[in-house]
file work-v1.cif (mmCIF, C-alpha atoms and all ligand atoms)
data_protein
#
loop_
_atom_site.label_atom_id
_atom_site.label_comp_id
_atom_site.auth_asym_id
_atom_site.auth_seq_id
_atom_site.Cartn_x
_atom_site.Cartn_y
_atom_site.Cartn_z
CA MET Z 1 115.49 89.83 105.29
CA LYS Z 2 117.84 86.90 104.67
CA GLY Z 3 117.24 83.18 104.96
CA ALA Z 4 116.41 80.52 102.44
CA ASN Z 5 113.88 79.03 104.83
CA ILE Z 6 111.74 82.13 105.11
CA ASN Z 7 108.38 81.98 103.31
CA LEU Z 8 108.64 83.74 99.95
CA ASN Z 9 105.77 86.08 100.83
CA ILE Z 10 107.63 87.37 103.87
CA ARG Z 11 111.12 87.47 102.42
CA SER Z 12 110.66 90.81 100.67
CA LEU Z 13 109.12 92.49 103.74
CA LYS Z 14 110.82 94.64 106.37
CA PRO Z 15 109.63 95.10 109.97
CA SER Z 16 106.70 97.55 110.16
CA ALA Z 17 107.83 101.07 109.19
CA THR Z 18 106.39 102.70 112.29
CA LEU Z 19 108.22 100.33 114.59
CA ALA Z 20 111.46 100.74 112.63
CA ILE Z 21 111.46 104.52 113.19
CA ASN Z 22 111.17 103.96 116.91
CA GLU Z 23 114.28 101.80 116.90
CA ARG Z 24 116.09 104.46 114.87
CA ILE Z 25 115.09 107.15 117.40
CA ALA Z 26 116.29 104.99 120.30
CA GLU Z 27 119.65 104.53 118.52
CA LEU Z 28 120.12 108.29 118.08
CA LYS Z 29 119.13 109.00 121.67
CA LYS Z 30 121.74 106.51 122.83
CA GLN Z 31 124.31 108.62 120.98
CA ASN Z 32 123.03 111.61 123.00
CA LYS Z 33 121.50 113.22 119.92
CA GLU Z 34 118.47 115.41 120.42
CA VAL Z 35 115.47 113.80 118.73
CA TYR Z 36 112.00 115.25 118.23
CA SER Z 37 109.80 112.29 117.54
CA PHE Z 38 106.95 112.63 115.08
CA GLY Z 39 107.25 108.95 114.18
CA LEU Z 40 105.13 106.33 115.93
CA GLY Z 41 101.40 107.11 116.08
CA GLN Z 42 100.65 106.15 119.65
CA SER Z 43 97.99 107.90 121.71
CA PRO Z 44 99.55 110.49 124.04
CA PHE Z 45 96.69 110.12 126.52
CA HIS Z 46 96.43 107.88 129.56
CA VAL Z 47 93.84 105.12 129.86
CA PRO Z 48 90.88 106.62 131.81
CA LYS Z 49 91.16 105.84 135.54
CA GLU Z 50 87.87 103.95 135.71
CA VAL Z 51 89.02 101.60 132.98
CA VAL Z 52 92.37 101.01 134.73
CA ASN Z 53 90.50 100.28 137.96
CA GLU Z 54 88.42 97.66 136.18
CA LEU Z 55 91.62 96.01 134.99
CA ILE Z 56 92.96 95.91 138.54
CA LYS Z 57 89.68 94.46 139.72
CA HIS Z 58 89.82 91.67 137.15
CA ALA Z 59 93.52 90.86 137.26
CA ALA Z 60 92.79 87.37 138.63
CA GLU Z 61 90.52 86.38 135.72
CA LYS Z 62 92.44 83.50 134.26
CA ASP Z 63 90.13 81.38 132.15
CA TYR Z 64 90.12 81.30 128.39
CA LEU Z 65 87.22 83.34 127.10
CA PRO Z 66 85.00 82.52 124.10
CA VAL Z 67 86.74 82.96 120.74
CA GLN Z 68 84.27 85.65 119.69
CA GLY Z 69 84.85 87.58 122.89
CA LEU Z 70 83.35 88.01 126.36
CA LEU Z 71 79.56 88.32 126.02
CA LYS Z 72 79.35 91.37 128.29
CA LEU Z 73 82.04 93.10 126.26
CA ARG Z 74 80.33 92.30 122.97
CA GLU Z 75 77.10 93.69 124.37
CA SER Z 76 78.82 96.91 125.38
CA VAL Z 77 80.58 97.24 121.99
CA ALA Z 78 77.26 96.73 120.17
CA GLU Z 79 75.63 99.33 122.43
CA PHE Z 80 78.59 101.69 121.86
CA HIS Z 81 78.10 101.58 118.08
CA ASN Z 82 74.34 101.92 118.43
CA ARG Z 83 74.85 104.99 120.62
CA HIS Z 84 77.50 106.62 118.44
CA ASN Z 85 76.34 105.56 114.98
CA HIS Z 86 72.60 104.97 115.53
CA LEU Z 87 72.86 101.40 114.29
CA LYS Z 88 71.32 98.16 115.49
CA PHE Z 89 74.11 95.80 116.40
CA SER Z 90 73.79 93.10 119.03
CA ALA Z 91 76.42 90.98 120.79
CA GLU Z 92 76.30 88.26 118.13
CA ASN Z 93 77.49 90.77 115.48
CA ILE Z 94 80.68 91.65 117.36
CA LEU Z 95 84.09 90.00 117.16
CA ILE Z 96 86.84 90.85 119.64
CA GLY Z 97 90.48 90.43 118.64
CA PRO Z 98 93.98 91.28 119.88
CA GLY Z 99 93.97 94.67 118.14
CA SER Z 100 92.02 95.68 115.05
CA LYS Z 101 95.25 95.10 113.12
CA GLU Z 102 94.90 91.35 113.72
CA LEU Z 103 91.23 91.42 112.77
CA ILE Z 104 92.01 93.20 109.51
CA PHE Z 105 94.69 90.58 108.86
CA LEU Z 106 92.23 87.76 109.54
CA THR Z 107 89.72 89.28 107.11
CA GLN Z 108 92.36 89.42 104.43
CA LEU Z 109 93.21 85.78 105.21
CA VAL Z 110 89.67 84.46 105.26
CA TYR Z 111 88.06 86.43 102.44
CA TYR Z 112 88.27 85.05 98.93
CA GLY Z 113 88.25 88.01 96.57
CA GLU Z 114 89.97 91.22 95.71
CA ILE Z 115 91.16 93.68 98.38
CA ILE Z 116 91.27 97.33 97.42
CA PHE Z 117 92.34 100.43 99.28
CA PRO Z 118 93.22 104.02 98.48
CA ALA Z 119 96.81 105.19 98.32
CA PRO Z 120 97.95 106.58 100.70
CA SER Z 121 96.69 104.14 103.30
CA TRP Z 122 97.78 102.91 106.70
CA VAL Z 123 101.17 101.12 106.54
CA SER Z 124 100.02 97.61 107.45
CA TYR Z 125 97.17 96.84 105.02
CA HIS Z 126 99.51 96.10 102.14
CA PRO Z 127 102.18 94.04 103.95
CA GLN Z 128 99.37 91.97 105.49
CA ALA Z 129 98.11 91.20 101.99
CA LYS Z 130 101.62 90.33 100.90
CA ILE Z 131 102.12 87.93 103.82
CA ILE Z 132 98.95 86.10 102.80
CA GLY Z 133 99.79 86.29 99.11
CA ASN Z 134 96.66 88.30 98.26
CA ASN Z 135 96.34 90.34 95.15
CA VAL Z 136 95.69 93.91 96.22
CA HIS Z 137 94.90 97.04 94.30
CA PHE Z 138 95.71 100.60 95.28
CA ILE Z 139 93.48 103.36 93.96
CA PRO Z 140 95.60 106.51 93.83
CA THR Z 141 94.28 109.70 95.41
CA ASN Z 142 95.76 113.19 95.26
CA TYR Z 143 96.50 116.29 97.28
CA LYS Z 144 93.68 118.30 95.66
CA GLY Z 145 91.21 115.62 96.76
CA ARG Z 146 92.60 115.77 100.33
CA TRP Z 147 94.17 112.34 99.68
CA LEU Z 148 90.70 110.78 100.01
CA LEU Z 149 89.07 108.23 97.72
CA SER Z 150 86.61 109.87 95.35
CA ALA Z 151 83.50 108.17 93.97
CA GLU Z 152 84.74 108.91 90.42
CA ASP Z 153 88.04 107.13 91.02
CA LEU Z 154 86.30 104.16 92.63
CA GLU Z 155 83.89 103.97 89.69
CA ALA Z 156 86.76 104.23 87.18
CA PHE Z 157 88.63 101.45 88.95
CA CYS Z 158 85.63 99.09 89.14
CA SER Z 159 84.40 99.69 85.61
CA ALA Z 160 87.89 99.23 84.12
CA GLU Z 161 88.04 95.73 85.51
CA ASN Z 162 85.22 94.59 83.25
CA ASP Z 163 83.71 92.30 85.88
CA PRO Z 164 80.93 94.07 87.78
CA ASP Z 165 80.28 91.00 89.96
CA LYS Z 166 83.83 90.48 91.13
CA PRO Z 167 83.90 89.93 94.93
CA ARG Z 168 85.71 92.85 96.50
CA ILE Z 169 86.50 94.37 99.88
CA LEU Z 170 87.39 98.04 100.18
CA ILE Z 171 89.33 99.09 103.27
CA LEU Z 172 88.48 102.69 104.07
CA ASN Z 173 90.07 104.50 106.99
CA TYR Z 174 88.83 107.86 108.30
CA PRO Z 175 89.82 110.05 110.06
CA SER Z 176 92.85 109.05 108.11
CA ASN Z 177 96.21 107.76 109.10
CA PRO Z 178 98.41 109.13 107.49
CA VAL Z 179 96.59 112.31 106.38
CA GLY Z 180 94.37 113.52 109.23
CA SER Z 181 91.54 114.27 106.79
CA THR Z 182 88.10 112.64 106.85
CA TYR Z 183 85.08 112.21 104.59
CA SER Z 184 82.08 114.52 104.69
CA ILE Z 185 78.63 112.90 104.70
CA ARG Z 186 78.20 113.96 101.07
CA GLU Z 187 81.47 112.31 100.06
CA LEU Z 188 80.43 109.12 101.85
CA GLU Z 189 77.03 109.20 100.11
CA GLU Z 190 78.73 109.50 96.73
CA LEU Z 191 80.98 106.55 97.52
CA VAL Z 192 77.99 104.49 98.61
CA VAL Z 193 76.36 104.88 95.17
CA VAL Z 194 79.38 103.13 93.60
CA LEU Z 195 79.74 100.59 96.40
CA LYS Z 196 76.11 99.54 95.92
CA LYS Z 197 76.48 99.33 92.17
CA TYR Z 198 79.39 96.89 92.48
CA ASN Z 199 78.19 95.20 95.65
CA ILE Z 200 81.47 95.89 97.47
CA ILE Z 201 82.01 95.00 101.13
CA VAL Z 202 83.61 97.80 103.19
CA ILE Z 203 85.89 97.47 106.18
CA SER Z 204 85.39 100.87 107.68
CA ASP Z 205 88.50 101.45 109.77
CA GLU Z 206 87.19 103.94 112.34
CA ILE Z 207 89.91 103.47 114.92
CA TYR Z 208 90.26 107.31 115.08
CA GLY Z 209 86.50 107.96 114.88
CA LEU Z 210 86.16 109.28 118.42
CA LEU Z 211 89.19 111.49 117.87
CA HIS Z 212 87.42 113.59 115.25
CA HIS Z 213 88.50 117.01 116.50
CA LYS Z 214 84.97 118.35 116.64
CA GLY Z 215 83.40 115.08 117.79
CA GLU Z 216 81.57 114.88 114.45
CA HIS Z 217 82.66 111.53 113.07
CA HIS Z 218 80.14 110.00 110.69
CA SER Z 219 80.30 106.29 109.84
CA ILE Z 220 79.66 105.00 106.33
CA ALA Z 221 77.81 102.13 108.05
CA THR Z 222 74.84 104.45 108.60
CA LEU Z 223 74.55 104.89 104.81
CA TYR Z 224 75.58 101.39 103.75
CA PRO Z 225 74.61 99.21 106.72
CA LYS Z 226 74.24 95.86 104.97
CA LYS Z 227 77.77 95.68 103.66
CA THR Z 228 79.89 97.64 106.13
CA ILE Z 229 82.02 96.14 108.89
CA ILE Z 230 83.07 98.76 111.44
CA SER Z 231 86.61 98.27 112.68
CA SER Z 232 87.44 99.94 115.98
CA GLY Z 233 89.08 99.33 119.34
CA ILE Z 234 90.56 101.00 122.39
CA SER Z 235 94.05 101.78 121.04
CA LYS Z 236 93.52 105.38 120.00
CA TRP Z 237 90.56 107.10 121.68
CA CYS Z 238 91.08 105.22 124.96
CA GLY Z 239 94.88 105.44 125.02
CA ALA Z 240 95.26 101.67 125.33
CA GLY Z 241 97.30 100.60 122.28
CA GLY Z 242 99.45 98.27 124.37
CA TRP Z 243 96.43 96.48 125.79
CA ARG Z 244 95.81 94.96 122.36
CA LEU Z 245 92.08 94.87 121.96
CA GLY Z 246 90.22 95.59 118.74
CA THR Z 247 86.62 95.13 117.63
CA PHE Z 248 84.74 94.34 114.42
CA ALA Z 249 80.99 95.00 114.13
CA PHE Z 250 79.41 92.93 111.34
CA PRO Z 251 76.07 93.39 109.62
CA LYS Z 252 73.85 90.33 109.97
CA ASN Z 253 74.24 89.24 106.35
CA LEU Z 254 78.03 89.02 106.64
CA ASP Z 255 77.75 86.28 109.27
CA TRP Z 256 79.59 83.93 106.92
CA LEU Z 257 82.66 86.17 107.10
CA LEU Z 258 82.42 86.52 110.88
CA ASN Z 259 82.17 82.73 111.18
CA GLY Z 260 85.17 82.19 108.90
CA MET Z 261 87.19 84.63 110.99
CA LYS Z 262 86.14 82.86 114.18
CA VAL Z 263 87.55 79.62 112.82
CA ALA Z 264 90.85 81.33 111.98
CA ALA Z 265 90.87 83.04 115.39
CA SER Z 266 90.25 79.77 117.23
CA GLU Z 267 93.30 78.23 115.57
CA THR Z 268 95.57 81.21 116.16
CA PHE Z 269 95.08 83.59 119.09
CA THR Z 270 92.15 81.70 120.76
CA SER Z 271 90.82 84.77 122.58
CA VAL Z 272 91.98 88.14 123.86
CA SER Z 273 93.48 88.29 127.37
CA ALA Z 274 90.65 87.91 129.91
CA PRO Z 275 91.43 90.84 132.29
CA ILE Z 276 91.72 93.19 129.31
CA GLN Z 277 88.30 92.15 128.02
CA TYR Z 278 86.67 92.67 131.41
CA ALA Z 279 88.27 96.11 131.72
CA ALA Z 280 87.27 97.11 128.19
CA VAL Z 281 83.58 96.69 129.09
CA LYS Z 282 83.88 99.94 131.05
CA ALA Z 283 85.55 101.74 128.15
CA PHE Z 284 82.73 100.89 125.76
CA GLU Z 285 79.96 101.47 128.33
CA GLY Z 286 81.34 104.96 128.81
CA SER Z 287 80.64 107.41 131.62
CA PRO Z 288 80.45 111.19 132.13
CA ASP Z 289 84.17 111.17 132.99
CA ILE Z 290 85.08 109.26 129.84
CA ASP Z 291 82.99 111.71 127.80
CA LEU Z 292 84.91 114.57 129.36
CA TYR Z 293 88.22 112.81 128.71
CA LEU Z 294 87.21 112.54 125.05
CA VAL Z 295 86.15 116.16 124.67
CA HIS Z 296 89.47 117.32 126.09
CA SER Z 297 91.47 114.82 123.99
CA GLN Z 298 89.74 116.16 120.89
CA ARG Z 299 90.33 119.82 121.60
CA ILE Z 300 93.96 119.25 122.58
CA LEU Z 301 94.65 117.37 119.34
CA SER Z 302 92.82 120.08 117.45
CA VAL Z 303 94.95 122.96 118.78
CA ILE Z 304 98.25 121.09 118.35
CA GLY Z 305 97.39 119.75 114.89
CA ASN Z 306 96.22 123.13 113.65
CA TRP Z 307 99.22 124.94 115.02
CA CYS Z 308 101.57 122.55 113.17
CA TYR Z 309 99.44 122.84 110.04
CA GLN Z 310 99.47 126.66 110.07
CA LEU Z 311 103.21 126.83 110.51
CA LEU Z 312 103.85 124.61 107.50
CA LYS Z 313 101.11 126.18 105.39
CA GLU Z 314 102.72 129.61 105.85
CA ARG Z 315 105.86 128.13 104.24
CA GLN Z 316 103.90 127.01 101.14
CA ILE Z 317 104.14 123.40 102.21
CA ARG Z 318 101.24 121.46 100.63
CA ILE Z 319 99.27 120.20 103.59
CA ILE Z 320 95.66 119.28 104.46
CA LYS Z 321 94.11 120.81 107.56
CA PRO Z 322 93.79 118.03 110.14
CA GLU Z 323 90.21 117.10 111.06
CA GLY Z 324 90.71 114.07 113.27
CA GLY Z 325 93.27 111.72 114.81
CA PHE Z 326 96.85 112.90 115.30
CA TYR Z 327 98.61 113.07 111.95
CA ILE Z 328 99.60 115.59 109.32
CA PHE Z 329 100.90 114.73 105.89
CA PRO Z 330 102.97 117.61 104.47
CA SER Z 331 104.31 117.51 100.91
CA PHE Z 332 107.54 119.38 100.17
CA ARG Z 333 106.95 119.42 96.41
CA ASN Z 334 107.04 123.21 96.21
CA TYR Z 335 110.63 122.94 97.43
CA SER Z 336 111.67 120.16 95.03
CA ALA Z 337 114.19 122.32 93.09
CA LYS Z 338 115.90 123.47 96.30
CA LEU Z 339 115.85 119.95 97.73
CA LYS Z 340 117.32 118.54 94.54
CA ARG Z 341 120.31 120.84 94.99
CA LYS Z 342 120.85 119.16 98.35
CA GLY Z 343 120.65 115.75 96.64
CA ILE Z 344 117.12 115.03 97.94
CA VAL Z 345 114.68 113.58 95.43
CA THR Z 346 112.70 111.00 97.40
CA CYS Z 347 110.72 111.26 100.61
CA LYS Z 348 113.00 108.72 102.27
CA GLU Z 349 116.01 110.97 101.56
CA LEU Z 350 113.96 113.91 102.81
CA ALA Z 351 113.05 112.17 106.07
CA GLU Z 352 116.63 111.00 106.59
CA THR Z 353 118.16 114.46 105.95
CA ILE Z 354 115.66 116.20 108.22
CA LEU Z 355 116.38 113.67 110.95
CA MET Z 356 120.14 114.12 110.66
CA GLU Z 357 120.09 117.92 110.34
CA THR Z 358 117.34 118.82 112.82
CA GLY Z 359 116.62 115.75 114.94
CA VAL Z 360 112.99 115.75 113.73
CA ALA Z 361 111.88 112.16 113.07
CA CYS Z 362 109.06 111.55 110.56
CA LEU Z 363 107.97 108.71 108.32
CA PRO Z 364 108.40 108.90 104.53
CA GLY Z 365 105.15 108.98 102.51
CA GLU Z 366 106.23 105.99 100.43
CA ASP Z 367 105.63 103.73 103.45
CA PHE Z 368 101.96 104.58 102.92
CA GLY Z 369 101.94 103.66 99.23
CA LEU Z 370 102.81 107.04 97.71
CA ASP Z 371 105.23 107.88 94.92
CA PRO Z 372 108.53 108.73 96.68
CA LYS Z 373 109.00 111.76 94.40
CA LEU Z 374 105.95 113.44 95.92
CA LEU Z 375 108.23 114.32 98.85
CA VAL Z 376 105.60 113.67 101.49
CA LEU Z 377 106.19 112.98 105.17
CA ARG Z 378 103.86 111.67 107.82
CA MET Z 379 104.13 113.43 111.13
CA ALA Z 380 102.39 112.18 114.29
CA TYR Z 381 101.89 115.01 116.81
CA VAL Z 382 101.72 112.87 119.93
CA ASN Z 383 104.99 113.51 121.69
CA PHE Z 384 103.56 115.10 124.85
CA ASN Z 385 102.22 114.09 128.24
CA GLY Z 386 98.55 113.61 127.49
CA GLU Z 387 97.44 113.24 131.10
CA ASN Z 388 98.99 116.57 132.09
CA ALA Z 389 97.53 118.19 129.00
CA ILE Z 390 94.02 116.94 129.82
CA ASN Z 391 94.33 118.16 133.42
CA GLN Z 392 95.43 121.56 132.15
CA SER Z 393 92.72 121.71 129.49
CA MET Z 394 90.10 120.96 132.17
CA LYS Z 395 91.16 124.10 134.02
CA MET Z 396 90.74 126.28 130.93
CA ASN Z 397 87.35 127.56 129.84
CA LEU Z 398 88.64 128.89 126.55
CA ASP Z 399 87.35 127.11 123.49
CA PRO Z 400 89.19 126.54 121.26
CA LEU Z 401 92.34 126.31 123.35
CA PRO Z 402 94.83 129.12 122.71
CA ASP Z 403 97.98 128.46 120.60
CA SER Z 404 100.10 129.06 123.73
CA PHE Z 405 98.81 125.66 124.91
CA VAL Z 406 101.11 124.00 122.34
CA LYS Z 407 104.28 125.56 123.75
CA ASP Z 408 103.21 124.99 127.37
CA GLN Z 409 101.90 121.43 127.12
CA SER Z 410 103.79 119.93 124.20
CA PRO Z 411 107.23 121.59 124.31
CA LEU Z 412 108.94 118.90 122.25
CA ILE Z 413 106.41 119.29 119.45
CA TYR Z 414 106.81 123.06 119.69
CA GLN Z 415 110.62 122.91 119.54
CA GLY Z 416 110.67 120.21 116.87
CA MET Z 417 108.36 122.21 114.63
CA LEU Z 418 110.48 125.34 115.06
CA LYS Z 419 113.59 123.32 114.10
CA LEU Z 420 111.80 122.04 111.02
CA ILE Z 421 110.57 125.51 110.00
CA ASN Z 422 114.04 126.91 110.47
CA TRP Z 423 115.42 124.15 108.25
CA ILE Z 424 112.84 124.95 105.56
CA ASP Z 425 113.64 128.68 105.77
CA ARG Z 426 117.31 127.94 105.20
CA LEU Z 427 116.73 125.87 102.05
C1 LIG Z 501 94.51 103.30 110.54
C2 LIG Z 501 94.82 102.28 111.58
N1 LIG Z 501 94.10 101.15 111.59
C3 LIG Z 501 94.33 100.19 112.49
C4 LIG Z 501 95.32 100.34 113.45
C5 LIG Z 501 95.56 99.19 114.41
O1 LIG Z 501 95.19 99.47 115.68
P1 LIG Z 501 95.09 98.34 116.80
O2 LIG Z 501 95.62 97.05 116.22
O3 LIG Z 501 95.93 98.82 117.92
O4 LIG Z 501 93.62 98.22 117.12
C6 LIG Z 501 96.09 101.49 113.49
C7 LIG Z 501 97.18 101.66 114.47
O5 LIG Z 501 98.11 102.40 114.31
C8 LIG Z 501 95.83 102.50 112.52
O6 LIG Z 501 96.53 103.64 112.50
#
call {"tool": "encode", "arguments": {"input": "work-v1.cif", "output": "C-alpha cells", "more": "lines below"}}
Ligand SMILES: Cc1ncc(COP(=O)(O)O)c(C=O)c1O
result
Amino acid sequence: MKGANINLNIRSLKPSATLAINERIAELKKQNKEVYSFGLGQSPFHVPKEVVNELIKHAAEKDYLPVQGLLKLRESVAEFHNRHNHLKFSAENILIGPGSKELIFLTQLVYYGEIIFPAPSWVSYHPQAKIIGNNVHFIPTNYKGRWLLSAEDLEAFCSAENDPDKPRILILNYPSNPVGSTYSIRELEELVVVLKKYNIIVISDEIYGLLHHKGEHHSIATLYPKKTIISSGISKWCGAGGWRLGTFAFPKNLDWLLNGMKVAASETFTSVSAPIQYAAVKAFEGSPDIDLYLVHSQRILSVIGNWCYQLLKERQIRIIKPEGGFYIFPSFRNYSAKLKRKGIVTCKELAETILMETGVACLPGEDFGLDPKLLVLRMAYVNFNGENAINQSMKMNLDPLPDSFVKDQSPLIYQGMLKLINWIDRL
C-alpha cells in the first residue's frame, strides 16, 4: 500500500487475504479460465425461509436501535446460549455488532493487555492487532497436535514471560478456521487449568459451533464461565454472512469490558441495521425447521469434507480429518523434494502454481500465521448450491450420506478435487 498519509500501522497491510483470492478468481474467470474455488469461506447454505420472512416483515423498521442491540434479540441470543451451552446468560450480558469480526476488533481496541492466539489462526486476528498497534503473540501449534493449542504450550508460553499476573486475552477458535479440527472436552479441561492459573480472559470464537459435523460442539465457557466471552453470529450456521450481525456473550464479571466496547461502538457503528436485528431474533429463537436445516447442513458438510480428506490422505498429504465447519488444511510437505524441482518452496508458490496449472484456488497457509515452508493450503469446501443440497439430503434417509452425494450435489468441488489429485499424481 502506497501513500505517505496512510497511518503507519496500516501501511504494511494488504487487503484481507480471503477477499483478495476472490478478486483473483474473478480476474481469471473474466479471461474465460476454468476456476474451482476453494478460497473464500462463505456458507453455501441459504438463510432459512422463516428468518428471511422476518426480514421482509421488518423492512420498514428505520429507527436507530440501542448500541448494545435490540432487547428482544439480546434475550433470544442469551436464551440460545443457555439452550446450547447450558449457561446462564441474560440480555444484559449480550452485545450485538455488525459481524463478530467487528466485535473482535473492538475488544482488541478496548482491552489494555496482551493478546495471544495459536498459529495457525483465522486471517483477521493479527491484522486487526496491527491496525490498532497492539503487541500480539502467536503460540505455534503443529500437525501432530491437530494444529490445536495444547495446555503444555500455553503453560510454556505463560511461564516464560515471568509475569504470572500479566493481563492477557487468548482468542481461541473452534471448530477451527483454517483447520477444521476442534477441541475435545478433555483438551478444553486441560487448557482451563492453565487459563485459571494465569487468570487469562478467553474470547471463544464459536462462529462454526453449530456446524460441528456431529452436532457435538462443546464450549469452553461451560468449563471456564467466569472468564470466557462467547463470540458467535449468524454468518456461518445461518448462511447470513452478508447480513453482518455478530454476537458476544459476556460473563457478569467482565461487564467493564462490555461497557468499554459499548463506548467504542457508540462512537463508530452506533448499532446494527434495525431490520437485520429484528429478523435475527427468529434465527436465535430457532424452530423445528431451523433444527432440521442445521442437521442437514452438518451432514452435508461432513460427507463433502470427509471425501476431500480421504482423497488427499490416500496421496500421503498430511491432513487432519475435518470435524466441523467447512475447511481442510492439507500440508504438501511429503512432496517437498518433488515440489522443489518445480521451483516451489513456499505455500504461496504452491497455491499460485496449483491455481495456474489446475484452476484450483486455495489460500496459502502463511496467511494464517504459518511458516511458508510448511507448504500448507487452506481449502474451503463451500462451492455448491447449499439450498439444493439440503433439499436433496432431506429426501435421503441414509446416514451418513453416501459419497456419491459429493459428485451429484457439489460437482465443482468434485471436479476441482480430481484436478488437484491428478496434479499431485503427476508430480
Ligand atoms: C474464525 C472466524 N471468526 C470470525 C469470523 C467473522 O465472522 P462475521 O464477522 O461474519 O461474524 C469468521 C469469518 O470468516 C471466521 O472464520
call {"tool": "residues_near_ligand", "arguments": {"input": "work-v1.cif", "ligand": "ligand LIG 501 (chain Z)", "cutoff": "10 Å", "atoms": "all atoms listed in the file", "output": "PyMOL selection string"}}
result
chain Z and resi 18+40-43+97-105+121-125+171-178+204-208+231-236+239-247+325-327
call {"tool": "residues_around", "arguments": {"input": "work-v1.cif", "residues": "Z:Tyr414", "least_positions_apart": "4", "cutoff": "12 Å", "atoms": "only C-alpha atoms", "output": "short mmCIF file (atom, residue, chain, number, x, y, z; two decimals) with C-alpha atoms, keeping the file's coordinate frame"}}
result
data_model
loop_
_atom_site.label_atom_id
_atom_site.label_comp_id
_atom_site.auth_asym_id
_atom_site.auth_seq_id
_atom_site.Cartn_x
_atom_site.Cartn_y
_atom_site.Cartn_z
CA TYR Z 36 112.00 115.25 118.23
CA SER Z 37 109.80 112.29 117.54
CA PHE Z 38 106.95 112.63 115.08
CA VAL Z 303 94.95 122.96 118.78
CA ILE Z 304 98.25 121.09 118.35
CA GLY Z 305 97.39 119.75 114.89
CA TRP Z 307 99.22 124.94 115.02
CA CYS Z 308 101.57 122.55 113.17
CA LEU Z 311 103.21 126.83 110.51
CA VAL Z 360 112.99 115.75 113.73
CA TYR Z 381 101.89 115.01 116.81
CA VAL Z 382 101.72 112.87 119.93
CA ASN Z 383 104.99 113.51 121.69
CA PHE Z 384 103.56 115.10 124.85
CA ASP Z 403 97.98 128.46 120.60
CA SER Z 404 100.10 129.06 123.73
CA PHE Z 405 98.81 125.66 124.91
CA VAL Z 406 101.11 124.00 122.34
CA LYS Z 407 104.28 125.56 123.75
CA ASP Z 408 103.21 124.99 127.37
CA GLN Z 409 101.90 121.43 127.12
CA SER Z 410 103.79 119.93 124.20
CA LEU Z 418 110.48 125.34 115.06
CA LYS Z 419 113.59 123.32 114.10
CA LEU Z 420 111.80 122.04 111.02
CA ILE Z 421 110.57 125.51 110.00
#
call {"tool": "closest_residue", "arguments": {"input": "work-v1.cif", "among": "Z:Ile201, Z:Leu211, Z:Val272, Z:Leu148", "to": "Z:Pro118", "atoms": "only C-alpha atoms"}}
result
Z:Leu148
call {"tool": "closest_residue", "arguments": {"input": "work-v1.cif", "among": "Z:Leu8, Z:Ile276, Z:Leu258, Z:Ile94", "to": "Z:Lys62", "atoms": "all atoms listed in the file"}}
result
Z:Ile276
call {"tool": "residues_near_point", "arguments": {"input": "work-v1.cif", "point": "(83.4, 103.1, 127.3)", "cutoff": "10 Å", "atoms": "only C-alpha atoms", "output": "list in words"}}
result
Pro48, Glu50, Val51, Ser76, Val77, Glu79, Phe80, Ile234, Trp237, Cys238, Ala279, Ala280, Val281, Lys282, Ala283, Phe284, Glu285, Gly286, Ser287, Pro288, Asp289, Ile290 and Asp291 of chain Z
call {"tool": "closest_residue", "arguments": {"input": "work-v1.cif", "among": "Z:Ser266, Z:Arg426, Z:Ala380, Z:Glu61", "to": "Z:Tyr309", "atoms": "all atoms listed in the file"}}
result
Z:Ala380
call {"tool": "closest_residue", "arguments": {"input": "work-v1.cif", "among": "Z:Ser159, Z:Asn306, Z:Asn22, Z:Asn259", "to": "Z:Gly180", "atoms": "only C-alpha atoms"}}
result
Z:Asn306
call {"tool": "residues_around", "arguments": {"input": "work-v1.cif", "residues": "Z:Tyr112", "least_positions_apart": "6", "cutoff": "10 Å", "atoms": "all atoms listed in the file", "output": "PyMOL selection string"}}
result
chain Z and resi 134+167-169+257
call {"tool": "residues_near_point", "arguments": {"input": "work-v1.cif", "point": "(76.1, 99.0, 92.9)", "cutoff": "12 Å", "atoms": "only C-alpha atoms", "output": "list in words"}}
result
Ala151, Leu154, Glu155, Cys158, Ser159, Pro164, Asp165, Lys166, Arg168, Glu190, Leu191, Val192, Val193, Val194, Leu195, Lys196, Lys197, Tyr198, Asn199, Ile200, Ile201, Tyr224 and Lys227 of chain Z
call {"tool": "atom_distance", "arguments": {"input": "work-v1.cif", "atom1": "atom CA of Z:Phe117", "atom2": "atom CA of Z:Ala129"}}
result
11.2 Å
call {"tool": "closest_residue", "arguments": {"input": "work-v1.cif", "among": "Z:Ser393, Z:Lys321, Z:Glu352, Z:Ala274", "to": "Z:Tyr64", "atoms": "all atoms listed in the file"}}
result
Z:Ala274
call {"tool": "atom_distance", "arguments": {"input": "work-v1.cif", "atom1": "atom CA of Z:Ser90", "atom2": "atom CA of Z:Arg74"}}
result
7.7 Å
call {"tool": "atom_distance", "arguments": {"input": "work-v1.cif", "atom1": "atom CA of Z:Gly324", "atom2": "atom CA of Z:Leu301"}}
result
8.0 Å
call {"tool": "axis_aligned_box", "arguments": {"input": "work-v1.cif", "around": "stretch 39-51 of chain Z", "padding_each_side": "4 Å", "output": "JSON"}}
result
{"center_x": 97.6, "center_y": 106.0, "center_z": 124.9, "size_x": 27.4, "size_y": 16.9, "size_z": 29.5}
call {"tool": "closest_residue", "arguments": {"input": "work-v1.cif", "among": "Z:Tyr143, Z:Ser271, Z:Ile220, Z:Glu161", "to": "Z:Phe332", "atoms": "only C-alpha atoms"}}
result
Z:Tyr143
call {"tool": "residues_around", "arguments": {"input": "work-v1.cif", "residues": "Z:Val345", "least_positions_apart": "2", "cutoff": "9 Å", "atoms": "all atoms listed in the file", "output": "ChimeraX atom specification"}}
result
/Z:336,339-340,342-343,347-350,372-375
call {"tool": "residues_around", "arguments": {"input": "work-v1.cif", "residues": "Z:Leu95", "least_positions_apart": "6", "cutoff": "7 Å", "atoms": "all atoms listed in the file", "output": "PyMOL selection string"}}
result
chain Z and resi 68-69+247-249
